[in-house]
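Have a look at start.pdb; it's PDB, C-alpha atoms, pLDDT in the B column:
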ATOM      1  CA  MET A  11      -0.158   2.136  -6.782  1.00 40.00           C
ATOM      2  CA  ASP A  12       0.986  -1.206  -8.015  1.00 38.00           C
ATOM      3  CA  SER A  13       3.738  -1.479 -10.582  1.00 36.00           C
ATOM      4  CA  PRO A  14       3.305  -4.229 -13.183  1.00 34.00           C
ATOM      5  CA  GLY A  15       6.508  -6.123 -13.724  1.00 34.00           C
ATOM      6  CA  SER A  16       8.268  -4.521 -10.764  1.00 40.00           C
ATOM      7  CA  SER A  17       5.815  -4.576  -7.892  1.00 41.00           C
ATOM      8  CA  LYS A  18       7.700  -6.447  -5.195  1.00 44.00           C
ATOM      9  CA  LEU A  19      10.761  -5.709  -3.131  1.00 43.00           C
ATOM     10  CA  PRO A  20      13.786  -7.998  -3.416  1.00 36.00           C
ATOM     11  CA  ALA A  21      15.133  -9.688  -0.320  1.00 34.00           C
ATOM     12  CA  ALA A  22      18.328  -7.624  -0.204  1.00 29.00           C
ATOM     13  CA  ALA A  23      18.298  -4.724   2.205  1.00 28.00           C
ATOM     14  CA  SER A  24      20.395  -2.590  -0.128  1.00 25.00           C
ATOM     15  CA  VAL A  25      19.054  -0.801  -3.187  1.00 27.00           C
ATOM     16  CA  ALA A  26      18.378  -3.290  -5.952  1.00 30.00           C
ATOM     17  CA  GLY A  27      16.638  -3.430  -9.302  1.00 33.00           C
ATOM     18  CA  ARG A  28      16.643  -0.544 -11.740  1.00 33.00           C
ATOM     19  CA  PRO A  29      19.047   2.260 -10.720  1.00 33.00           C
ATOM     20  CA  GLY A  30      17.371   5.409  -9.497  1.00 37.00           C
ATOM     21  CA  PRO A  31      18.097   8.611  -7.593  1.00 37.00           C
ATOM     22  CA  THR A  32      18.848   8.375  -3.893  1.00 37.00           C
ATOM     23  CA  THR A  33      15.505   9.980  -3.033  1.00 41.00           C
ATOM     24  CA  GLU A  34      12.221  10.382  -4.844  1.00 41.00           C
ATOM     25  CA  ALA A  35       9.900  13.306  -4.293  1.00 45.00           C
ATOM     26  CA  PRO A  36       6.226  12.234  -4.034  1.00 54.00           C
ATOM     27  CA  ASP A  37       5.354  14.658  -6.826  1.00 60.00           C
ATOM     28  CA  ASP A  38       7.819  12.816  -9.074  1.00 88.00           C
ATOM     29  CA  LEU A  39       6.168   9.487  -8.282  1.00 91.00           C
ATOM     30  CA  ARG A  40       2.753  10.994  -8.942  1.00 91.00           C
ATOM     31  CA  ALA A  41       3.949  12.325 -12.278  1.00 92.00           C
ATOM     32  CA  VAL A  42       5.200   8.878 -13.302  1.00 93.00           C
ATOM     33  CA  TYR A  43       1.801   7.320 -12.666  1.00 93.00           C
ATOM     34  CA  GLU A  44      -0.001  10.199 -14.343  1.00 93.00           C
ATOM     35  CA  ARG A  45       2.111   9.790 -17.470  1.00 94.00           C
ATOM     36  CA  GLN A  46       1.908   6.003 -17.454  1.00 92.00           C
ATOM     37  CA  ALA A  47      -1.746   5.518 -16.431  1.00 93.00           C
ATOM     38  CA  LYS A  48      -2.972   4.050 -19.723  1.00 94.00           C
ATOM     39  CA  LEU A  49       0.052   1.790 -20.173  1.00 92.00           C
ATOM     40  CA  PHE A  50      -0.136   0.710 -16.548  1.00 89.00           C
ATOM     41  CA  ASP A  51      -3.787  -0.245 -16.896  1.00 89.00           C
ATOM     42  CA  ASN A  52      -3.117  -2.150 -20.113  1.00 90.00           C
ATOM     43  CA  GLN A  53      -0.237  -4.103 -18.581  1.00 88.00           C
ATOM     44  CA  ARG A  54      -1.694  -4.745 -15.117  1.00 90.00           C
ATOM     45  CA  SER A  55      -2.220  -8.480 -14.661  1.00 88.00           C
ATOM     46  CA  ARG A  56      -5.832  -9.609 -14.370  1.00 92.00           C
ATOM     47  CA  ALA A  57      -4.761 -13.110 -13.252  1.00 90.00           C
ATOM     48  CA  LEU A  58      -5.839 -12.198  -9.700  1.00 94.00           C
ATOM     49  CA  PHE A  59      -2.925 -13.881  -7.977  1.00 95.00           C
ATOM     50  CA  GLU A  60      -4.006 -11.697  -5.036  1.00 97.00           C
ATOM     51  CA  ARG A  61      -7.271 -13.629  -4.616  1.00 97.00           C
ATOM     52  CA  ASP A  62      -6.384 -15.714  -1.529  1.00 98.00           C
ATOM     53  CA  TRP A  63      -5.118 -12.707   0.418  1.00 98.00           C
ATOM     54  CA  LEU A  64      -8.074 -10.564  -0.624  1.00 98.00           C
ATOM     55  CA  ASP A  65     -10.481 -13.279   0.449  1.00 98.00           C
ATOM     56  CA  ARG A  66      -8.713 -13.613   3.812  1.00 98.00           C
ATOM     57  CA  LEU A  67      -9.245  -9.889   4.287  1.00 98.00           C
ATOM     58  CA  LEU A  68     -12.860  -9.989   3.119  1.00 98.00           C
ATOM     59  CA  ALA A  69     -13.558 -12.773   5.615  1.00 98.00           C
ATOM     60  CA  HIS A  70     -13.445  -9.975   8.204  1.00 98.00           C
ATOM     61  CA  THR A  71     -16.210  -8.095   6.381  1.00 98.00           C
ATOM     62  CA  ARG A  72     -19.848  -8.684   5.452  1.00 98.00           C
ATOM     63  CA  PRO A  73     -21.760  -8.159   2.199  1.00 98.00           C
ATOM     64  CA  GLY A  74     -22.569  -4.488   1.768  1.00 98.00           C
ATOM     65  CA  ASP A  75     -19.554  -3.317   3.761  1.00 98.00           C
ATOM     66  CA  CYS A  76     -17.278  -0.686   2.265  1.00 98.00           C
ATOM     67  CA  VAL A  77     -13.600  -1.409   1.612  1.00 98.00           C
ATOM     68  CA  LEU A  78     -11.075   1.421   1.346  1.00 98.00           C
ATOM     69  CA  ASP A  79      -8.517   0.808  -1.430  1.00 98.00           C
ATOM     70  CA  VAL A  80      -5.561   3.157  -0.887  1.00 98.00           C
ATOM     71  CA  GLY A  81      -3.574   3.614  -4.082  1.00 96.00           C
ATOM     72  CA  CYS A  82      -6.415   2.020  -6.003  1.00 97.00           C
ATOM     73  CA  GLY A  83      -5.050   2.786  -9.458  1.00 95.00           C
ATOM     74  CA  SER A  84      -7.475   1.949 -12.243  1.00 96.00           C
ATOM     75  CA  GLY A  85      -9.536  -0.503 -10.185  1.00 96.00           C
ATOM     76  CA  GLU A  86      -8.385  -3.668 -11.944  1.00 95.00           C
ATOM     77  CA  PRO A  87      -8.374  -6.359 -10.747  1.00 96.00           C
ATOM     78  CA  ILE A  88      -8.704  -5.653  -7.022  1.00 97.00           C
ATOM     79  CA  ALA A  89     -11.756  -3.380  -6.965  1.00 97.00           C
ATOM     80  CA  ARG A  90     -13.525  -5.670  -9.427  1.00 97.00           C
ATOM     81  CA  HIS A  91     -12.963  -8.660  -7.140  1.00 98.00           C
ATOM     82  CA  VAL A  92     -14.118  -6.782  -4.037  1.00 98.00           C
ATOM     83  CA  ILE A  93     -17.261  -5.578  -5.828  1.00 98.00           C
ATOM     84  CA  GLY A  94     -17.876  -9.090  -7.131  1.00 98.00           C
ATOM     85  CA  ARG A  95     -17.858 -10.343  -3.545  1.00 98.00           C
ATOM     86  CA  GLY A  96     -20.743  -8.024  -2.723  1.00 98.00           C
ATOM     87  CA  ARG A  97     -18.759  -5.253  -1.034  1.00 98.00           C
ATOM     88  CA  ARG A  98     -18.574  -1.580  -1.948  1.00 98.00           C
ATOM     89  CA  VAL A  99     -15.342   0.211  -2.742  1.00 98.00           C
ATOM     90  CA  CYS A 100     -13.989   3.619  -1.818  1.00 98.00           C
ATOM     91  CA  GLY A 101     -10.820   4.092  -3.842  1.00 98.00           C
ATOM     92  CA  ILE A 102      -8.259   6.821  -3.276  1.00 98.00           C
ATOM     93  CA  ASP A 103      -5.289   7.617  -5.494  1.00 97.00           C
ATOM     94  CA  PHE A 104      -3.058  10.620  -6.113  1.00 95.00           C
ATOM     95  CA  ALA A 105      -2.911  10.141  -9.893  1.00 95.00           C
ATOM     96  CA  ALA A 106      -5.993  11.691 -11.480  1.00 96.00           C
ATOM     97  CA  PRO A 107      -5.710   9.770 -14.793  1.00 96.00           C
ATOM     98  CA  MET A 108      -5.849   6.503 -12.856  1.00 96.00           C
ATOM     99  CA  LEU A 109      -9.021   7.588 -11.093  1.00 97.00           C
ATOM    100  CA  GLU A 110     -10.605   8.606 -14.390  1.00 97.00           C
ATOM    101  CA  ILE A 111     -10.212   5.026 -15.622  1.00 97.00           C
ATOM    102  CA  ALA A 112     -11.590   3.622 -12.366  1.00 97.00           C
ATOM    103  CA  ARG A 113     -14.608   5.957 -12.449  1.00 98.00           C
ATOM    104  CA  ARG A 114     -15.471   4.981 -16.003  1.00 97.00           C
ATOM    105  CA  ARG A 115     -15.080   1.319 -15.149  1.00 97.00           C
ATOM    106  CA  PHE A 116     -17.040   1.310 -11.885  1.00 98.00           C
ATOM    107  CA  PRO A 117     -19.236   4.450 -11.831  1.00 98.00           C
ATOM    108  CA  ALA A 118     -21.309   3.279  -8.863  1.00 98.00           C
ATOM    109  CA  GLU A 119     -18.306   3.265  -6.526  1.00 98.00           C
ATOM    110  CA  ARG A 120     -16.649   6.178  -4.712  1.00 98.00           C
ATOM    111  CA  TRP A 121     -13.330   7.464  -6.094  1.00 98.00           C
ATOM    112  CA  LEU A 122     -11.293  10.159  -4.340  1.00 98.00           C
ATOM    113  CA  LEU A 123      -8.206  12.101  -5.374  1.00 97.00           C
ATOM    114  CA  GLY A 124      -5.788  12.150  -2.455  1.00 96.00           C
ATOM    115  CA  ASP A 125      -2.461  11.188  -0.922  1.00 96.00           C
ATOM    116  CA  MET A 126      -2.340   8.401   1.670  1.00 96.00           C
ATOM    117  CA  ARG A 127       0.275  10.331   3.656  1.00 96.00           C
ATOM    118  CA  HIS A 128      -2.433  12.878   4.487  1.00 96.00           C
ATOM    119  CA  LEU A 129      -5.398  10.500   4.653  1.00 97.00           C
ATOM    120  CA  GLU A 130      -8.078  11.770   6.996  1.00 97.00           C
ATOM    121  CA  LEU A 131     -11.539  10.758   5.792  1.00 97.00           C
ATOM    122  CA  GLY A 132     -13.209  10.940   9.202  1.00 97.00           C
ATOM    123  CA  GLU A 133     -14.725   7.482   8.838  1.00 97.00           C
ATOM    124  CA  ALA A 134     -13.782   3.860   9.348  1.00 98.00           C
ATOM    125  CA  PHE A 135     -14.046   1.005   6.868  1.00 98.00           C
ATOM    126  CA  ALA A 136     -14.600  -2.710   7.225  1.00 98.00           C
ATOM    127  CA  ALA A 137     -11.271  -3.257   5.489  1.00 98.00           C
ATOM    128  CA  VAL A 138      -8.381  -1.195   4.148  1.00 98.00           C
ATOM    129  CA  ILE A 139      -6.125  -2.281   1.270  1.00 98.00           C
ATOM    130  CA  GLY A 140      -2.739  -0.824   0.355  1.00 98.00           C
ATOM    131  CA  TRP A 141      -1.729  -3.238  -2.381  1.00 97.00           C
ATOM    132  CA  ASP A 142       1.472  -2.276  -4.211  1.00 95.00           C
ATOM    133  CA  SER A 143       1.028   1.316  -3.061  1.00 96.00           C
ATOM    134  CA  PHE A 144       2.086   1.669   0.583  1.00 97.00           C
ATOM    135  CA  PHE A 145       5.559   0.368  -0.244  1.00 96.00           C
ATOM    136  CA  HIS A 146       6.251   3.387  -2.455  1.00 95.00           C
ATOM    137  CA  LEU A 147       6.562   5.509   0.708  1.00 96.00           C
ATOM    138  CA  THR A 148       9.931   6.054   2.338  1.00 95.00           C
ATOM    139  CA  ALA A 149      10.599   4.257   5.617  1.00 97.00           C
ATOM    140  CA  ASP A 150       9.860   7.391   7.647  1.00 97.00           C
ATOM    141  CA  GLU A 151       6.687   8.057   5.656  1.00 96.00           C
ATOM    142  CA  GLN A 152       5.562   4.504   6.352  1.00 98.00           C
ATOM    143  CA  ARG A 153       6.126   4.982  10.071  1.00 98.00           C
ATOM    144  CA  ALA A 154       3.943   8.086   9.977  1.00 98.00           C
ATOM    145  CA  THR A 155       1.289   6.742   7.597  1.00 98.00           C
ATOM    146  CA  LEU A 156       0.696   3.272   9.031  1.00 98.00           C
ATOM    147  CA  PRO A 157      -1.111   4.550  12.159  1.00 98.00           C
ATOM    148  CA  ARG A 158      -3.153   6.804   9.868  1.00 98.00           C
ATOM    149  CA  LEU A 159      -4.278   3.784   7.826  1.00 98.00           C
ATOM    150  CA  ALA A 160      -5.010   1.838  11.003  1.00 98.00           C
ATOM    151  CA  ARG A 161      -7.330   4.604  12.215  1.00 98.00           C
ATOM    152  CA  HIS A 162      -9.490   3.974   9.144  1.00 98.00           C
ATOM    153  CA  VAL A 163     -10.049   0.302  10.069  1.00 98.00           C
ATOM    154  CA  ALA A 164     -13.351  -0.317  11.852  1.00 98.00           C
ATOM    155  CA  PRO A 165     -13.492  -2.624  14.904  1.00 98.00           C
ATOM    156  CA  GLY A 166     -13.332  -6.205  13.707  1.00 98.00           C
ATOM    157  CA  GLY A 167     -11.913  -5.137  10.352  1.00 98.00           C
ATOM    158  CA  GLY A 168      -8.618  -5.750   8.631  1.00 98.00           C
ATOM    159  CA  LEU A 169      -5.706  -4.067   6.876  1.00 98.00           C
ATOM    160  CA  LEU A 170      -3.935  -5.688   3.910  1.00 98.00           C
ATOM    161  CA  LEU A 171      -0.586  -4.362   2.683  1.00 98.00           C
ATOM    162  CA  THR A 172       2.197  -5.401   0.377  1.00 98.00           C
ATOM    163  CA  VAL A 173       5.558  -4.597   1.919  1.00 98.00           C
ATOM    164  CA  GLY A 174       9.043  -6.059   1.558  1.00 97.00           C
ATOM    165  CA  PRO A 175      10.423  -9.353   2.880  1.00 97.00           C
ATOM    166  CA  ALA A 176      12.806  -7.430   5.157  1.00 97.00           C
ATOM    167  CA  GLU A 177      13.904  -3.904   5.969  1.00 97.00           C
ATOM    168  CA  GLY A 178      15.384  -2.196   2.927  1.00 96.00           C
ATOM    169  CA  GLU A 179      14.682  -0.327  -0.275  1.00 93.00           C
ATOM    170  CA  ALA A 180      14.691  -1.108  -3.969  1.00 92.00           C
ATOM    171  CA  TRP A 181      13.952   0.399  -7.366  1.00 90.00           C
ATOM    172  CA  GLY A 182      11.433  -0.856  -9.875  1.00 89.00           C
ATOM    173  CA  GLU A 183       9.937   0.733 -12.941  1.00 89.00           C
ATOM    174  CA  VAL A 184       6.646   1.733 -14.471  1.00 88.00           C
ATOM    175  CA  GLY A 185       6.709   2.259 -18.219  1.00 89.00           C
ATOM    176  CA  GLY A 186      10.494   2.370 -18.110  1.00 89.00           C
ATOM    177  CA  GLU A 187      10.544   5.111 -15.446  1.00 91.00           C
ATOM    178  CA  PRO A 188      12.130   4.356 -12.047  1.00 90.00           C
ATOM    179  CA  VAL A 189       9.933   4.131  -8.942  1.00 93.00           C
ATOM    180  CA  HIS A 190      11.117   3.740  -5.370  1.00 91.00           C
ATOM    181  CA  HIS A 191      10.078   0.958  -2.974  1.00 94.00           C
ATOM    182  CA  ALA A 192      10.860   0.627   0.736  1.00 96.00           C
ATOM    183  CA  SER A 193      10.058  -1.640   3.643  1.00 97.00           C
ATOM    184  CA  LEU A 194      10.444  -1.800   7.381  1.00 98.00           C
ATOM    185  CA  ALA A 195      11.251  -5.025   9.207  1.00 98.00           C
ATOM    186  CA  ILE A 196       8.204  -7.123  10.100  1.00 98.00           C
ATOM    187  CA  GLU A 197       8.984  -6.631  13.800  1.00 98.00           C
ATOM    188  CA  GLU A 198       8.658  -2.869  13.396  1.00 98.00           C
ATOM    189  CA  TYR A 199       5.399  -3.210  11.482  1.00 98.00           C
ATOM    190  CA  GLU A 200       4.102  -5.401  14.303  1.00 98.00           C
ATOM    191  CA  ARG A 201       5.060  -2.814  16.944  1.00 98.00           C
ATOM    192  CA  ILE A 202       3.486   0.093  15.081  1.00 98.00           C
ATOM    193  CA  LEU A 203       0.299  -1.829  14.389  1.00 98.00           C
ATOM    194  CA  ALA A 204       0.036  -3.086  17.974  1.00 98.00           C
ATOM    195  CA  THR A 205       0.244   0.483  19.239  1.00 98.00           C
ATOM    196  CA  ALA A 206      -2.538   1.367  16.780  1.00 98.00           C
ATOM    197  CA  GLY A 207      -4.718  -1.499  18.036  1.00 98.00           C
ATOM    198  CA  LEU A 208      -4.139  -4.008  15.231  1.00 98.00           C
ATOM    199  CA  ARG A 209      -2.604  -7.482  15.380  1.00 98.00           C
ATOM    200  CA  VAL A 210      -0.655  -9.063  12.527  1.00 98.00           C
ATOM    201  CA  GLU A 211      -2.615 -12.157  11.545  1.00 98.00           C
ATOM    202  CA  GLY A 212      -0.442 -13.169   8.606  1.00 98.00           C
ATOM    203  CA  PHE A 213       2.841 -12.261   6.959  1.00 98.00           C
ATOM    204  CA  VAL A 214       4.426 -14.155   4.073  1.00 98.00           C
ATOM    205  CA  PRO A 215       7.653 -12.800   2.560  1.00 98.00           C
ATOM    206  CA  ASN A 216       8.069 -13.409  -1.160  1.00 97.00           C
ATOM    207  CA  ASP A 217       4.872 -15.452  -1.283  1.00 98.00           C
ATOM    208  CA  ALA A 218       5.305 -17.898  -4.167  1.00 97.00           C
ATOM    209  CA  ALA A 219       1.527 -18.313  -4.394  1.00 97.00           C
ATOM    210  CA  CYS A 220       1.146 -14.548  -4.862  1.00 97.00           C
ATOM    211  CA  ALA A 221       3.643 -13.827  -7.646  1.00 95.00           C
ATOM    212  CA  GLY A 222       6.426 -13.317  -5.115  1.00 96.00           C
ATOM    213  CA  HIS A 223       4.771 -10.446  -3.239  1.00 97.00           C
ATOM    214  CA  SER A 224       5.463  -9.971   0.472  1.00 98.00           C
ATOM    215  CA  VAL A 225       2.059  -9.611   2.092  1.00 98.00           C
ATOM    216  CA  LEU A 226       0.970  -8.472   5.548  1.00 98.00           C
ATOM    217  CA  LEU A 227      -2.547  -8.879   6.974  1.00 98.00           C
ATOM    218  CA  ALA A 228      -3.473  -7.213  10.259  1.00 98.00           C
ATOM    219  CA  VAL A 229      -6.812  -7.267  12.078  1.00 98.00           C
ATOM    220  CA  SER A 230      -8.371  -5.143  14.772  1.00 96.00           C
TER     221      SER A 230
END

Give the structure from this file in C-alpha cells form.
Amino acid sequence: MDSPGSSKLPAAASVAGRPGPTTEAPDDLRAVYERQAKLFDNQRSRALFERDWLDRLLAHTRPGDCVLDVGCGSGEPIARHVIGRGRRVCGIDFAAPMLEIARRRFPAERWLLGDMRHLELGEAFAAVIGWDSFFHLTADEQRATLPRLARHVAPGGGLLLTVGPAEGEAWGEVGGEPVHHASLAIEEYERILATAGLRVEGFVPNDAACAGHSVLLAVS
C-alpha cells in the first residue's frame, strides 16, 4: 500500500520521520488504510512518476499477460497504466475499502482480499509489483515474504519493489496516522532473490526521477 506524501524511506538507518510506536501490528496498519481509503485515493498522485520503472518491468511481459499487484490499493495510477499497456491485472490488498474502489474503477480485472505475508495463489504471473507496499513489512517479515513473492514470478518475468536506500526503518503517515516502513540492505535482497532464482537487474536508491523512491527490479 503506497502512502501519499510519505511513501519512501529516508537514507538514515535509524527511525526517522513521524514518531511512532516501536512496533506496529499488521492489523493496526490494515486499520489505518481501511479508515483512510477514500482520503488516500483522493490524494494519491496520478503524475505517474513510476512510469519508467513500470515500463522496464512490462518489457519482460507480453500483451495479454497478467500482472500481480501486491498491495494494489485503489488501482490508481499503477493498475490503470498496466491495463493501458494491454496487460491484465490481479490486485491483492488487505484493506477491503481500497479493493472496493479498485473494483468499481476496473470491474473487468481480478481483485483479491489478502495479506502478502501469506500469499499463496498457486499460480505464477508474468510480473509482480509491490509498489509502496512491501516496505511496510518488518525486516523479518520481508525476509520471509520475499521468497513467497518470487515464487509467483513466472520464468522470464520480473519483480518490482520499492524498498529503502539502505538497511533501516522509518515512520511515515497516511491521513495523519503513523505507518511503519523498513528495508534490508541491497546485498541482502540480492542474496534472498538469488536463492529464489531471481537476479537484481536494477536498483536505484532515492531515485530523483521517481519522486525519490528507492526502487528494485529483479528478473527470473

(request) Please write as a PyMOL selection string the full residue list that the PyMOL selection byres ((chain A and resi 159) around 10) yields on this file. (result) chain A and resi 78+80+126-130+134+138-140+144+152+154-158+160-163+169+203+206

(message) Set the distance at 9 Å and use only C-alpha atoms: which residues neighbour Val42 in chain A once local chain neighbours fewer than 6 positions away are removed? I'd like the list as a list in words.
(response)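 The residues that qualify are Ala105, Val184, Gly185, Glu187, Pro188 and Val189 of chain A.
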
(request) Counting only C-alpha atoms, figure out which residue out of A:Leu122, A:Ala136, A:Ala41, A:Ala228 gets nearest to Arg201 in chain A. (result) A:Ala228

(request) Report as an NGL selection string the residues that result from applying the PyMOL selection byres ((chain A and resi 123-125) around 12) to the structure here. (result) :A and (11 or 36-37 or 39-40 or 79-83 or 100-110 or 112-113 or 120-122 or 126-131 or 143-144 or 146-147 or 151 or 155 or 158-159)

Would you kindly return, as a PDB file with C-alpha atoms, keeping the file's coordinate frame, each protein, DNA or RNA residue with an atom no farther than 12 Å from any atom of Arg98 in chain A, considering all atoms listed in the file and excluding same-chain residues fewer than 4 positions away?
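Okay, this is what ended up in part-v7.pdb:
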ATOM      1  CA  LEU A  68     -12.860  -9.989   3.119  1.00 98.00           C
ATOM      2  CA  THR A  71     -16.210  -8.095   6.381  1.00 98.00           C
ATOM      3  CA  ARG A  72     -19.848  -8.684   5.452  1.00 98.00           C
ATOM      4  CA  PRO A  73     -21.760  -8.159   2.199  1.00 98.00           C
ATOM      5  CA  GLY A  74     -22.569  -4.488   1.768  1.00 98.00           C
ATOM      6  CA  ASP A  75     -19.554  -3.317   3.761  1.00 98.00           C
ATOM      7  CA  CYS A  76     -17.278  -0.686   2.265  1.00 98.00           C
ATOM      8  CA  VAL A  77     -13.600  -1.409   1.612  1.00 98.00           C
ATOM      9  CA  LEU A  78     -11.075   1.421   1.346  1.00 98.00           C
ATOM     10  CA  ASP A  79      -8.517   0.808  -1.430  1.00 98.00           C
ATOM     11  CA  ILE A  88      -8.704  -5.653  -7.022  1.00 97.00           C
ATOM     12  CA  ALA A  89     -11.756  -3.380  -6.965  1.00 97.00           C
ATOM     13  CA  ARG A  90     -13.525  -5.670  -9.427  1.00 97.00           C
ATOM     14  CA  HIS A  91     -12.963  -8.660  -7.140  1.00 98.00           C
ATOM     15  CA  VAL A  92     -14.118  -6.782  -4.037  1.00 98.00           C
ATOM     16  CA  ILE A  93     -17.261  -5.578  -5.828  1.00 98.00           C
ATOM     17  CA  GLY A  94     -17.876  -9.090  -7.131  1.00 98.00           C
ATOM     18  CA  PHE A 116     -17.040   1.310 -11.885  1.00 98.00           C
ATOM     19  CA  PRO A 117     -19.236   4.450 -11.831  1.00 98.00           C
ATOM     20  CA  ALA A 118     -21.309   3.279  -8.863  1.00 98.00           C
ATOM     21  CA  GLU A 119     -18.306   3.265  -6.526  1.00 98.00           C
ATOM     22  CA  ARG A 120     -16.649   6.178  -4.712  1.00 98.00           C
ATOM     23  CA  TRP A 121     -13.330   7.464  -6.094  1.00 98.00           C
ATOM     24  CA  PHE A 135     -14.046   1.005   6.868  1.00 98.00           C
ATOM     25  CA  ALA A 136     -14.600  -2.710   7.225  1.00 98.00           C
ATOM     26  CA  ALA A 137     -11.271  -3.257   5.489  1.00 98.00           C
ATOM     27  CA  VAL A 138      -8.381  -1.195   4.148  1.00 98.00           C
TER      28      VAL A 138
END
